[in-house]
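Read through the structure below, which is laid out as structure tokens, and then see the notes.
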Amino acid sequence: MTLSTRNEDGQHWPLLRSLAGWRISSVPADLAAGLTLAAIAIPEQMATAKLGGFTPETGFFAFMAGSLGFALFGANRFLSCGADSTITPIFAAGLALLAATGTPEYGSLAAALALLVGVLLVLAGGFRLGGIANLLSVPVTVGFLAGIAVHIIVSQLPSVLGLPSPGGPTLARIAGLAGGLGKTNIHTLIIGFGVLATVMVCERISARIPGALIALVASTLYVASAGLEAKGVHVIGEISGTIPMPSMPLIGAEQWAKLVPLAFLIAVVVMVQTSATTRSFPSAPDHPADVDRDFLGAGAGSLLAGLFGAFPVNASPPRTGIVVETGGRSQVAGLLAAIIVLLLVLFGARLLAHVPEAALGGVLLFVAQRIIRVAQIARVYRASKGEFLLIMATAAAIVVLPIEQGVALGITLSLLHGIWSTTRAHLITFERVPDTTIWWPAHPHIRGEQLSDIAVIGFQAPLSFLNAATFRADLQHLLQRRSPRLLVLEASAMVEIDYTAAQALHEVIEQCNKDGIVFAVARLESLRAQEAFERFGLYDVLPRDRVFRSVDLALRKLRGTTG
């Protein structure tokens with residue numbers, strides 16, 4: 001039996017894209033993957049909910065909503081969507097500015113935020129805005145994750161050390177914790193770092209081993225058998241065994257408006273992580289990932305989470321990797337894991353009442369150390385000191401500033417880095433490879449030939465308002481220095497030309513015409529650049545027969561016209 005998701009015209013149905021081609025024979029593999037995913041997700045979702053100031057069951061609701069929403073509307077067969085420790089510190093810090101953590105108003109604001117994030121993601125997917133996921137460069141993303149890891153560690157150390165949680169900015173909280181180390185509760189310390197060590201050892205042996213679940217069960221038995229609640233070890237307490245009815249958050253219009261900037265930040269981070277996850281674990285290696293469709297899935301997950309009183313959800317690279325490693329074939333694995341979590345909420349909530357908070361803190365310490373990409377930071381340091389400084393600046397901004405401001409600054413730094421890279425582009429000179437018809441950028445270690453009366457130049461970047469002045473200045477300097485009779489612009493790298501740049505190019509061509517210099521263009525390959533030539537009137541000053549498919553062809557056709 002095979003499940004098809006195409007209609008009679010061969011088009012995909014709007015639902016269950018991720019189950020395309022699913023066969024009943026895949027049930028055993030999906031069942032095994034679903035059981036492993038549930039074992040990993042149960043402690044992780046509880047810990048992530050605690051990180052955001054929510055009850056453990058709220059994390060379960062987020063996981064069920066994310067799993068169902070993505071299975072219905074997403075495309076990737078493996079992606080796991082639910083509560084995520086990357087975005088939770090960001091929105092928790094933002095919500096804490098509007099309401100006290102743990103209050104009904106705080107929960108309503110979180111649900112409203114989930115709905116706004118869901119709407120933004122659905123719009124991004126519907127309008128195919130997958131490019132937004134590129135707002136964060138790799139160095140900025142690495143720095144962003146390192147800063148988030150520091151926030152997680154600082155927020156969980158009080159539980160692990162058995163100390164009151166200090167308030168204030170992150171640096172002040174670190175100082176407060178350092179000052180209280182002498183009052184550490186040895187029992188919580190053993191539990192927290194014992195859980196951390198157990199999870200690390202299990203993962204080193206095999207990612208399939210549910211180390212977090214094993215450690216949670218062991219620590220709970222330890223607390224119960226040794227009577228540690230009487231010795232200052234806090235447990236999560238009673239968990240409601242009911243599923244809330246779907247409803248809209250009861251907040252005012254002004255509060256909705258205040259959530260919009262935060263929702264945009266969260267949506268961008270979700271898009272970045274969803275894009276990275278779906279490309280790292282593609283449904284079919286020989287087909288490109290449908291990132292926009294996966295934005296719809298993640299958006300649907302957040303919408304469902306908001307309706308059921310939870311918080312925004314996100315794609316999880318580690319959980320998705322678990323599905324792949326355990327042989328999962330489809331989103332059936334995620335749905336089975338969600339069903340297991342549902343059964344735990346309905347019939348096993350009492351089993352979780354004595355889980356120590358320090359154990360959840362240990363799980364989150366493991367998550368924090370895992371998202372600090374030390375090896376990648378080292379590679380960036382060796383390859384580019386400037387981009388290493390970008391990592392450090394982003395991480396420092398996330399740690400020192402209010403976290404949502406730090407994220408906004410990280411996005412700004414990423415955009416500025418992209419702009420700076422574009423503005424650094426300069427005109428380059430091409431030389432002919434000896435005994436060939438190939439023209440190649442001049443290089444000090446590669447022998448090339450130049451012709452005295454001919455200049456072949458290139459500009460290896462999109463030509464835009466960011467670098468138009470540099471392009472014009474470099475070209476004017478070249479003309480003054482060499483005074484060629486034929487100038488060929490090798491345009492293969494000019495994939496885009498905007499209005500400002502087109503005007504600069506128009507002026508340059510006009511000046512060449514006045515000075516008796518034959519101007520030609522070779523390899524204008526980009527369709528967008530070709531349209532720009534038409535749209536901005538460049539053919540008014542450049543005859544169409546001076547646009548060639550190669551530099552060699554331009555020289556053979558035009559060299560005799562100079563002189």
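A note on labels: chains of the structure tokens are A, B, ... as shown, every chain counts residues from 1, and ligands are counted from 1 in their shown order.
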
query = Contacts of stretch 84-88 of chain A at 10 Å or less, counting only C-alpha atoms, minus same-chain residues fewer than 3 places along, as a PyMOL selection string?
reply = chain A and resi 44-45+47-53+59+62-63+81+91-94+144-145+148-149+152+265-267+269-270+273+311-317+364+367-368+371

ask   = Do you know which residues are at most 8 Å from A:Ser550 counting only C-alpha atoms, after dropping those on the same chain fewer than 4 positions away, and could you put them as a ChimeraX atom specification?
value = /A:522-523,554

task = Among the residues of stretch 208-394 of chain A, find those DSSP assigns to helix (DSSP H, G or I) from the backbone and print them as a count of residues only.
result = 129

task = May I have the residues within 12 Å of A:Ala253 as a list in words, using only C-alpha atoms and disregarding those fewer than 5 positions away in the same chain?
result = Leu109, Ala112, Lys258, Leu259 and Val260 of chain A

Those selected residues, please, written with N, CA and C atoms and delivered as a PDB file, in the first residue's frame.
```pdb
ATOM      1  N   LEU A 109       0.452  35.904  26.454  1.00  0.00           N
ATOM      2  CA  LEU A 109       1.350  36.603  25.539  1.00  0.00           C
ATOM      3  C   LEU A 109       2.174  35.610  24.728  1.00  0.00           C
ATOM      4  N   ALA A 112      -0.045  34.224  22.046  1.00  0.00           N
ATOM      5  CA  ALA A 112      -0.241  35.230  21.001  1.00  0.00           C
ATOM      6  C   ALA A 112       1.001  35.356  20.129  1.00  0.00           C
ATOM      7  N   LYS A 258       2.776  45.246  20.522  1.00  0.00           N
ATOM      8  CA  LYS A 258       4.092  45.176  21.156  1.00  0.00           C
ATOM      9  C   LYS A 258       4.814  43.870  20.823  1.00  0.00           C
ATOM     10  N   LEU A 259       4.061  42.832  20.476  1.00  0.00           N
ATOM     11  CA  LEU A 259       4.659  41.531  20.180  1.00  0.00           C
ATOM     12  C   LEU A 259       5.196  41.420  18.752  1.00  0.00           C
ATOM     13  N   VAL A 260       4.793  42.335  17.879  1.00  0.00           N
ATOM     14  CA  VAL A 260       5.148  42.214  16.465  1.00  0.00           C
ATOM     15  C   VAL A 260       6.662  42.230  16.226  1.00  0.00           C
TER      16      VAL A 260
END
```

What lies within 9 Å of A:Ile377 using only C-alpha atoms, ignoring chain neighbours under 6 positions off, as an mmCIF file with C-alpha atoms, in the first residue's frame?
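What ended up in result_24.cif:
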```cif
data_model
loop_
_atom_site.group_PDB
_atom_site.id
_atom_site.type_symbol
_atom_site.label_atom_id
_atom_site.label_comp_id
_atom_site.auth_asym_id
_atom_site.auth_seq_id
_atom_site.Cartn_x
_atom_site.Cartn_y
_atom_site.Cartn_z
ATOM 1 C CA PRO A 139 29.853 33.620 11.428
ATOM 2 C CA VAL A 142 27.810 30.704 15.108
ATOM 3 C CA GLY A 143 28.190 33.755 17.363
ATOM 4 C CA PHE A 388 36.136 35.528 13.761
ATOM 5 C CA ILE A 391 31.516 35.777 15.802
#
```

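Excluding A:Ser414 itself and same-chain residues fewer than 6 positions from it, the residues having an atom within 7 Å of it are Leu135, Leu136, Ser137 and Val140 of chain A, counting only C-alpha atoms.
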
Emit the selected residues as a PDB file, in the first residue's frame, including C-alpha atoms.
```pdb
ATOM      1  CA  LEU A 135      19.867  37.129   6.667  1.00  0.00           C
ATOM      2  CA  LEU A 136      22.256  35.475   9.114  1.00  0.00           C
ATOM      3  CA  SER A 137      25.712  34.653   7.747  1.00  0.00           C
ATOM      4  CA  VAL A 140      26.898  35.565  12.821  1.00  0.00           C
TER       5      VAL A 140
END
```

key: stretch 494-496 of chain A surroundings by only C-alpha atoms, 6 Å radius, close-in-sequence under 5 positions cut, as a PyMOL selection string   = chain A and resi 461-463+526+528-529

Keeping C-alpha atoms, export the residues of the selection given above as an mmCIF file, in the first residue's frame.
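result_33.cif, freshly written:
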```cif
data_model
loop_
_atom_site.group_PDB
_atom_site.id
_atom_site.type_symbol
_atom_site.label_atom_id
_atom_site.label_comp_id
_atom_site.auth_asym_id
_atom_site.auth_seq_id
_atom_site.Cartn_x
_atom_site.Cartn_y
_atom_site.Cartn_z
ATOM 1 C CA ALA A 461 30.084 41.270 -7.925
ATOM 2 C CA PRO A 462 26.534 42.414 -8.592
ATOM 3 C CA LEU A 463 26.762 46.010 -9.821
ATOM 4 C CA SER A 526 22.695 36.792 -16.169
ATOM 5 C CA ARG A 528 18.556 39.856 -14.696
ATOM 6 C CA ALA A 529 21.532 41.783 -16.037
#
```

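Omitting A:Leu296 and its sequence neighbours fewer than 2 positions away, and counting only C-alpha atoms, the residues within 10 Å are A:Gly69, A:Phe70, A:Leu72, A:Phe73, A:Gly74, A:Ala75, A:Gly118, A:Val119, A:Leu120, A:Leu121, A:Val122, A:Leu123, A:Ala124, A:Gly125, A:Gly126, A:Arg128, A:Val291, A:Asp292, A:Arg293, A:Asp294, A:Ala298, A:Gly299, A:Ala300, A:Gly301, A:Ser302.
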
message = Under the rule that only C-alpha atoms are counted, which of A:Gly306, A:Leu487, A:Tyr499, A:Ser25 is the nearest residue to A:Ala468?
response = A:Tyr499

request  = Taking the DSSP assignment computed from this structure's backbone, write out as number ranges by chain all residues of stretch 204-396 of chain A that belong to strand (DSSP E or B).
outcome  = A: 235, 314-316, 356

ask   = When distances are computed from only C-alpha atoms, which of A:Cys202, A:Leu524, A:Leu161, A:Leu115 shows the smallest separation from A:Ala310?
value = A:Leu115

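Compared by their closest atoms to A:Ile243, and using only C-alpha atoms, the residues A:Ala218, A:Ala226, A:Met271, A:Leu342 rank with A:Leu342 nearest.
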
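For the pair atom CA of A:Leu365 and atom CA of A:Leu389, the interatomic distance is 25.5 Å.
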